[in-house]
$ cat final_21.cif   # mmCIF, C-alpha atoms
data_entry
#
loop_
_atom_site.label_atom_id
_atom_site.label_comp_id
_atom_site.auth_asym_id
_atom_site.auth_seq_id
_atom_site.Cartn_x
_atom_site.Cartn_y
_atom_site.Cartn_z
CA MET A 118 13.45 11.98 18.29
CA ALA A 119 10.49 14.33 18.65
CA ALA A 120 12.70 17.38 18.01
CA GLY A 121 14.19 15.72 14.93
CA ALA A 122 10.75 14.82 13.63
CA GLY A 123 9.74 18.45 14.11
CA LEU A 124 12.64 19.52 11.93
CA ARG A 125 11.65 17.00 9.27
CA LEU A 126 7.93 17.80 9.39
CA PRO A 127 8.10 20.22 6.41
CA HIS A 128 9.85 17.45 4.44
CA TRP A 129 7.17 14.97 5.52
CA GLN A 130 4.52 17.36 4.22
CA LEU A 131 6.41 17.71 0.93
CA LEU A 132 6.80 13.93 0.67
CA LYS A 133 3.05 13.56 1.28
CA LYS A 134 2.29 16.11 -1.44
CA HIS A 135 4.65 14.27 -3.80
CA VAL A 136 3.10 10.84 -3.12
CA LEU A 137 -0.47 12.14 -3.47
CA GLN A 138 0.32 13.17 -7.04
CA SER A 139 0.48 9.48 -7.94
CA LYS A 140 -1.88 7.93 -10.42
CA VAL A 141 -1.98 4.76 -8.31
CA LEU A 142 -1.74 4.78 -4.52
CA HIS A 143 -1.44 1.78 -2.20
CA THR A 144 -2.49 1.87 1.45
CA ASP A 145 -2.97 -0.35 4.48
CA ASP A 146 -2.78 0.02 8.25
CA THR A 147 -1.64 -1.79 11.38
CA THR A 148 -2.05 -1.38 15.10
CA VAL A 149 0.58 0.18 17.34
CA PRO A 150 0.43 -0.07 21.16
CA VAL A 151 0.30 3.35 22.85
CA ARG A 152 1.33 3.91 26.47
CA ASP A 153 -1.42 5.64 28.41
CA GLU A 154 -0.86 6.66 32.03
CA SER A 155 -4.58 7.14 32.58
CA ARG A 156 -5.16 3.41 32.07
CA SER A 157 -3.84 0.23 33.66
CA SER A 158 -2.83 -1.11 30.24
CA HIS A 159 -1.87 0.29 26.87
CA ARG A 160 -4.34 1.20 24.15
CA TYR A 161 -3.93 1.01 20.38
CA GLY A 162 -3.36 3.63 17.72
CA ARG A 163 -2.93 3.02 14.00
CA LEU A 164 -0.11 3.53 11.53
CA TRP A 165 -1.18 3.84 7.90
CA ASP A 166 1.19 3.59 4.95
CA TYR A 167 0.61 5.35 1.63
CA ILE A 168 2.85 4.22 -1.22
CA GLY A 169 3.30 6.24 -4.39
CA ASP A 170 3.62 4.87 -7.91
CA ALA A 171 6.74 4.58 -10.07
CA GLY A 172 6.48 8.19 -11.18
CA HIS A 173 6.14 9.46 -7.61
CA PRO A 174 8.29 7.13 -5.49
CA GLY A 175 7.87 7.45 -1.76
CA ILE A 176 6.18 5.99 1.30
CA VAL A 177 4.36 8.18 3.78
CA PHE A 178 3.22 6.95 7.18
CA ASP A 179 0.40 8.63 9.04
CA TYR A 180 -0.61 8.05 12.66
CA THR A 181 -4.19 8.13 13.93
CA THR A 182 -5.61 7.46 17.37
CA THR A 183 -8.45 5.29 16.01
CA HIS A 184 -9.33 3.10 13.04
CA ALA A 185 -12.06 5.48 11.91
CA ARG A 186 -12.52 6.71 8.36
CA ASP A 187 -11.56 10.26 9.34
CA GLY A 188 -7.85 9.41 9.28
CA PRO A 189 -7.50 8.22 5.67
CA ALA A 190 -10.21 10.62 4.51
CA THR A 191 -8.22 13.58 5.83
CA PHE A 192 -4.92 12.30 4.47
CA LEU A 193 -6.38 11.62 1.01
CA LYS A 194 -8.12 14.98 0.70
CA GLY A 195 -7.43 16.28 -2.80
CA PHE A 196 -6.13 12.96 -4.13
CA LYS A 197 -7.39 11.93 -7.57
CA GLY A 198 -6.54 8.51 -8.91
CA PHE A 199 -6.66 4.80 -8.17
CA LEU A 200 -6.55 3.62 -4.55
CA GLN A 201 -5.65 0.01 -3.84
CA ALA A 202 -6.52 -1.20 -0.34
CA ASP A 203 -8.29 -4.04 1.45
CA ALA A 204 -12.06 -4.22 1.71
CA TYR A 205 -12.23 -2.32 5.02
CA GLY A 206 -15.64 -0.68 5.07
CA ALA A 207 -14.33 2.78 5.99
CA TYR A 208 -12.88 3.15 2.51
CA ASP A 209 -16.34 2.83 0.95
CA GLY A 210 -17.30 6.28 2.16
CA ILE A 211 -14.06 7.68 0.77
CA TYR A 212 -14.75 6.24 -2.68
CA THR A 213 -18.34 7.42 -2.80
CA GLY A 214 -17.56 10.77 -1.19
CA SER A 215 -14.92 11.57 -3.81
CA ASN A 216 -17.53 11.77 -6.60
CA GLY A 217 -15.46 9.45 -8.77
CA ALA A 218 -12.11 11.14 -8.14
CA ILE A 219 -10.84 8.14 -6.13
CA ILE A 220 -11.32 4.77 -7.84
CA GLU A 221 -11.21 1.52 -5.88
CA ILE A 222 -8.86 -1.30 -6.86
CA GLY A 223 -9.39 -4.66 -5.17
CA CYS A 224 -6.71 -7.03 -3.92
CA TRP A 225 -6.63 -10.58 -5.22
CA ALA A 226 -4.28 -11.66 -2.42
CA HIS A 227 -7.05 -10.83 0.08
CA ALA A 228 -9.62 -12.59 -2.10
CA ARG A 229 -7.48 -15.73 -2.28
CA ASN A 230 -6.89 -15.70 1.47
CA LYS A 231 -10.63 -15.71 2.13
CA PHE A 232 -10.69 -19.33 0.96
CA ALA A 233 -8.26 -20.37 3.71
CA ASP A 234 -11.13 -20.49 6.23
CA ALA A 235 -12.96 -22.94 3.97
CA GLU A 236 -10.03 -25.28 3.40
CA SER A 237 -10.91 -27.70 6.22
CA THR A 238 -14.63 -27.92 5.39
CA ASP A 239 -14.50 -27.81 1.58
CA PRO A 240 -10.95 -28.64 0.43
CA GLU A 241 -11.85 -29.51 -3.17
CA ARG A 242 -13.60 -26.25 -3.98
CA THR A 243 -10.96 -24.29 -2.07
CA LEU A 244 -8.17 -25.92 -4.06
CA ALA A 245 -10.01 -25.25 -7.32
CA ALA A 246 -10.60 -21.58 -6.44
CA LYS A 247 -6.95 -21.08 -5.54
CA ALA A 248 -5.98 -22.68 -8.85
CA TRP A 249 -8.08 -20.10 -10.72
CA VAL A 250 -6.36 -17.28 -8.85
CA ARG A 251 -2.97 -18.87 -9.54
CA LYS A 252 -3.75 -18.66 -13.27
CA LEU A 253 -4.35 -14.91 -12.89
CA TYR A 254 -0.99 -14.55 -11.15
CA ASP A 255 0.68 -16.58 -13.91
CA VAL A 256 -0.40 -13.87 -16.36
CA GLU A 257 1.11 -11.24 -14.07
CA ASP A 258 4.39 -13.17 -13.94
CA GLU A 259 4.41 -13.12 -17.73
CA ALA A 260 3.68 -9.37 -17.74
CA LYS A 261 6.38 -8.27 -15.29
CA THR A 262 8.88 -7.10 -17.89
CA LEU A 263 6.33 -5.62 -20.29
CA SER A 264 5.46 -1.99 -20.81
CA SER A 265 2.19 -0.65 -19.44
CA ALA A 266 0.51 -0.86 -22.85
CA GLU A 267 1.78 -4.39 -23.45
CA ARG A 268 0.68 -5.47 -19.97
CA LEU A 269 -2.81 -4.10 -20.59
CA LYS A 270 -3.02 -5.98 -23.90
CA LEU A 271 -1.92 -9.23 -22.27
CA ARG A 272 -4.45 -8.85 -19.47
CA GLN A 273 -7.22 -8.18 -21.94
CA GLU A 274 -6.26 -11.27 -23.92
CA LYS A 275 -5.72 -13.67 -21.02
CA SER A 276 -6.91 -12.33 -17.66
CA VAL A 277 -10.33 -11.06 -18.73
CA PRO A 278 -11.46 -14.46 -20.10
CA LEU A 279 -10.04 -16.17 -17.00
CA LEU A 280 -11.98 -13.84 -14.74
CA GLU A 281 -15.23 -14.47 -16.57
CA SER A 282 -14.80 -18.25 -16.48
CA PHE A 283 -13.92 -18.03 -12.78
CA ARG A 284 -17.04 -15.96 -12.13
CA GLN A 285 -19.21 -18.54 -13.89
CA TRP A 286 -17.61 -21.34 -11.88
CA LEU A 287 -18.22 -19.45 -8.62
CA LEU A 288 -21.87 -18.91 -9.54
CA ALA A 289 -22.29 -22.62 -10.16
CA GLN A 290 -20.62 -23.53 -6.86
CA LYS A 291 -22.65 -21.03 -4.86
CA ALA A 292 -25.84 -22.73 -5.96
CA MET A 293 -24.61 -26.02 -4.49
CA VAL A 294 -23.24 -25.01 -1.08
CA LEU A 295 -24.86 -24.07 2.23
CA PRO A 296 -25.70 -20.35 2.52
CA LYS A 297 -23.68 -19.77 5.71
CA SER A 298 -20.78 -22.13 5.01
CA PRO A 299 -17.17 -20.83 4.96
CA ILE A 300 -16.91 -21.44 1.22
CA THR A 301 -20.02 -19.30 0.64
CA VAL A 302 -18.48 -16.51 2.71
CA ALA A 303 -15.39 -16.61 0.49
CA ILE A 304 -17.45 -16.66 -2.69
CA ASN A 305 -19.62 -13.77 -1.51
CA TYR A 306 -16.51 -11.72 -0.69
CA ILE A 307 -15.40 -12.03 -4.30
CA PHE A 308 -18.81 -11.15 -5.70
CA ASN A 309 -19.14 -8.16 -3.37
CA GLN A 310 -15.73 -6.92 -4.53
CA TRP A 311 -16.03 -8.07 -8.14
CA GLU A 312 -15.90 -4.71 -9.92
CA ALA A 313 -12.92 -3.58 -7.84
CA LEU A 314 -11.17 -6.95 -8.24
CA LYS A 315 -11.37 -6.98 -12.03
CA ARG A 316 -10.50 -3.30 -12.47
CA TYR A 317 -6.75 -4.00 -12.63
CA THR A 318 -7.33 -5.45 -16.11
CA THR A 319 -8.42 -2.03 -17.43
CA ASP A 320 -5.06 -0.27 -17.00
CA GLY A 321 -1.51 -1.56 -17.36
CA ASP A 322 -0.30 0.62 -14.48
CA LEU A 323 -2.53 -1.10 -11.93
CA HIS A 324 -1.56 -4.06 -9.74
CA ILE A 325 -3.31 -7.34 -9.12
CA ASP A 326 -2.87 -7.02 -5.35
CA ASN A 327 -1.85 -4.74 -2.52
CA ASN A 328 1.08 -6.86 -1.33
CA ILE A 329 3.57 -3.98 -1.58
CA SER A 330 1.67 -2.18 1.17
CA GLU A 331 1.48 -5.23 3.41
CA ARG A 332 5.20 -5.90 2.98
CA THR A 333 5.90 -2.33 4.05
CA LEU A 334 3.84 -2.76 7.21
CA LYS A 335 5.90 -5.80 8.15
CA LEU A 336 8.66 -3.31 9.00
CA ILE A 337 6.40 -2.03 11.77
CA GLY A 338 5.56 -5.54 12.90
CA MET A 339 9.22 -6.49 13.21
CA GLY A 340 10.02 -3.23 14.97
CA ARG A 341 7.34 -3.76 17.63
CA GLY A 342 9.37 -6.68 18.93
CA ASN A 343 12.09 -4.19 19.87
CA TRP A 344 10.41 -0.91 20.80
CA LEU A 345 7.16 -2.51 22.10
CA PHE A 346 5.00 0.65 22.09
CA VAL A 347 4.98 4.39 21.46
CA GLY A 348 4.99 6.62 24.52
CA SER A 349 2.03 8.77 23.53
CA ASP A 350 -0.02 9.91 20.56
CA ASN A 351 2.66 12.52 19.92
CA GLY A 352 5.16 9.65 19.92
CA GLY A 353 3.04 7.94 17.28
CA ARG A 354 3.18 11.03 15.09
CA THR A 355 6.94 11.22 15.65
CA ALA A 356 7.28 7.59 14.60
CA ALA A 357 5.21 8.22 11.47
CA VAL A 358 7.60 10.97 10.34
CA TRP A 359 10.73 8.87 10.83
CA PHE A 360 9.18 5.71 9.37
CA SER A 361 8.20 7.71 6.28
CA PHE A 362 11.82 8.50 5.47
CA THR A 363 13.42 5.22 6.49
CA ALA A 364 10.79 3.20 4.59
CA THR A 365 11.20 5.42 1.53
CA CYS A 366 14.96 4.94 1.66
CA LYS A 367 14.49 1.16 1.83
CA HIS A 368 11.99 1.36 -1.03
CA LEU A 369 14.54 3.24 -3.18
CA GLY A 370 17.47 1.04 -2.18
CA MET A 371 19.19 3.88 -0.31
CA ASP A 372 21.33 3.92 2.83
CA SER A 373 18.87 5.54 5.25
CA PHE A 374 21.58 6.45 7.79
CA ALA A 375 23.71 8.20 5.17
CA TYR A 376 20.65 10.07 3.89
CA LEU A 377 19.39 11.20 7.30
CA ARG A 378 22.84 12.24 8.51
CA ASP A 379 23.50 14.31 5.39
CA VAL A 380 20.09 15.99 5.45
CA LEU A 381 20.21 16.85 9.15
CA GLU A 382 23.69 18.35 8.74
CA ARG A 383 22.55 20.47 5.79
CA LEU A 384 19.22 21.65 7.21
CA PRO A 385 20.53 24.65 9.22
CA THR A 386 21.94 26.34 6.10
CA HIS A 387 19.74 24.89 3.36
CA PRO A 388 17.44 27.48 1.68
CA ALA A 389 13.85 27.09 2.85
CA ASP A 390 12.52 27.46 -0.70
CA ARG A 391 14.59 24.46 -1.87
CA LEU A 392 13.49 21.88 0.69
CA GLU A 393 12.26 19.55 -2.07
CA GLU A 394 15.89 18.93 -2.99
CA LEU A 395 16.22 17.01 0.28
CA LEU A 396 13.41 14.54 -0.42
CA PRO A 397 14.82 11.00 -0.74
CA HIS A 398 14.22 10.55 -4.49
CA ARG A 399 15.70 13.98 -5.27
CA TRP A 400 18.66 13.37 -2.94
CA LEU A 401 19.34 10.01 -4.60
CA ALA A 402 19.13 11.49 -8.10
CA ALA A 403 21.61 14.23 -7.16
CA ARG A 404 24.03 11.73 -5.62
CA THR A 405 23.78 9.47 -8.66
CA ALA A 406 24.43 12.39 -11.01
CA THR A 407 27.46 13.48 -8.95
CA THR A 408 28.89 9.98 -9.00
CA THR A 409 28.35 9.68 -12.75
CA ASP A 410 30.06 13.02 -13.39
CA ALA A 411 33.00 12.02 -11.20
CA ASP A 412 33.37 8.72 -13.06
CA SER A 413 33.28 10.53 -16.41
CA ASN A 414 35.95 13.00 -15.32
CA ALA A 415 38.14 10.16 -14.07
CA GLU A 416 37.97 8.51 -17.47
#
$ encode --input "final_21.cif" --output "structure tokens"
Amino acid sequence: MAAGAGLRLPHWQLLKKHVLQSKVLHTDDTTVPVRDESRSSHRYGRLWDYIGDAGHPGIVFDYTTTHARDGPATFLKGFKGFLQADAYGAYDGIYTGSNGAIIEIGCWAHARNKFADAESTDPERTLAAKAWVRKLYDVEDEAKTLSSAERLKLRQEKSVPLLESFRQWLLAQKAMVLPKSPITVAINYIFNQWEALKRYTTDGDLHIDNNISERTLKLIGMGRGNWLFVGSDNGGRTAAVWFSFTATCKHLGMDSFAYLRDVLERLPTHPADRLEELLPHRWLAARTATTTDADSNAE
């Protein structure tokens, strides 16, 4: 596996370059147990996913030994665009350190989930807050089939007024609840993230939440039940390379086994200056074109 990942490393770097050209990038991370012979028990590394937009389809996994900001900061070096992630504090330095090149987009799924902790102590306000968020998602359901420009117009007409009325309601509720209560914690989370949370209404290409990234990480969560841990930090980096291509294949609706087998068979003779042809989206486009031509000739 390590040797195969080494062969694919130039492709991983090309896939990373491709994904970082996105206007909108999604990211999240999860823990991965790492075997460590110097300790009596395993330790934890991190796997981060970076998901490109519709114009730059692809998913790149990166492995880091810690949860520190250095990992995503290094990976995102040179990226310019919108970054949608959770409210993990390490991202704050990335946003501010980019001098405006990287723009934060909040996640309304995270904001909604913050009210779960308040459900037992303040069910009425929690239910009301979730209803406001549901209205925002109703607009997104209506906008699914629209163009980017049409989606932006719909959000401006419906979501922006909803957000403002929700903000006013939250302000009124905050004045009536205990300062350290769970409902206040949830309300403060929204106010602290307010600019990032409402930013999706300023561009039709942006998303209301970061669920696509969390769904991708579930692949790692399910896998851990089978492979349990990675054997070393090098094993984590090996896993990141392979997960990048299998997750991208799944994202594009491709047969990952057919793709990997074909690419590995072609690598020894494939020109080094044409490696981009073997990236998943390029491989799929070539296969689709070949199939279309064959069908046309048959007719």
$ closest_residue --input "final_21.cif" --among "A:Lys231, A:His324, A:His173, A:His159" --to "Lys247 of chain A" --atoms "only C-alpha atoms"
A:Lys231
$ resolve_selection --input "final_21.cif" --expression "the PyMOL selection byres ((chain A and resi 143) around 6)" --output "PyMOL selection string"
chain A and resi 142+144+167-168+200-201
$ residues_near_point --input "final_21.cif" --point "(6.8, 16.6, 13.1)" --cutoff "9 Å" --atoms "all atoms listed in the file" --output "list in words"
Ala119, Ala120, Gly121, Ala122, Gly123, Leu124, Arg125, Leu126, Pro127, Trp129, Asn351, Arg354, Thr355, Ala357, Val358 and Trp359 of chain A
$ closest_residue --input "final_21.cif" --among "A:Cys366, A:Ile176, A:Leu279, A:Ala313" --to "Val136 of chain A" --atoms "all atoms listed in the file"
A:Ile176
$ atom_distance --input "final_21.cif" --atom1 "atom CA of Ala171 of chain A" --atom2 "atom CA of Asp145 of chain A"
18.2 Å
$ atom_distance --input "final_21.cif" --atom1 "atom CA of Ala185 of chain A" --atom2 "atom CA of Leu323 of chain A"
26.5 Å
$ resolve_selection --input "final_21.cif" --expression "the PyMOL selection byres ((chain A and resi 268-271) around 12)" --output "ChimeraX atom specification"
/A:253,255-267,272-279,316-325
$ closest_residue --input "final_21.cif" --among "A:Leu164, A:Lys315, A:Gly210, A:Ala289" --to "Phe360 of chain A" --atoms "only C-alpha atoms"
A:Leu164
$ atom_distance --input "final_21.cif" --atom1 "atom CA of Trp165 of chain A" --atom2 "atom CA of Pro189 of chain A"
8.0 Å
$ resolve_selection --input "final_21.cif" --expression "the PyMOL selection byres ((chain A and resi 334) around 12)" --output "MDAnalysis selection string"
chainID A and resid 143:149 163:168 176:178 327:333 335:341 357 360:361 364
$ closest_residue --input "final_21.cif" --among "A:Phe374, A:Gly348, A:Val141, A:Tyr254" --to "Phe199 of chain A" --atoms "only C-alpha atoms"
A:Val141
$ closest_residue --input "final_21.cif" --among "A:Leu193, A:Leu287, A:Leu395, A:Ala303" --to "Gln138 of chain A" --atoms "only C-alpha atoms"
A:Leu193
$ closest_residue --input "final_21.cif" --among "A:Trp311, A:Phe196, A:Phe362, A:Trp344" --to "Ser215 of chain A" --atoms "only C-alpha atoms"
A:Phe196
$ residues_around --input "final_21.cif" --residues "Ile307 of chain A" --least-positions-apart "5" --cutoff "12 Å" --atoms "all atoms listed in the file" --output "list in words"
Ala204, Gly223, Cys224, Trp225, Ala226, His227, Ala228, Arg229, Asn230, Lys231, Phe232, Ala246, Val250, Leu280, Phe283, Arg284, Leu287, Leu288, Lys291, Ile300, Thr301, Val302, Glu312, Ala313, Leu314 and Lys315 of chain A
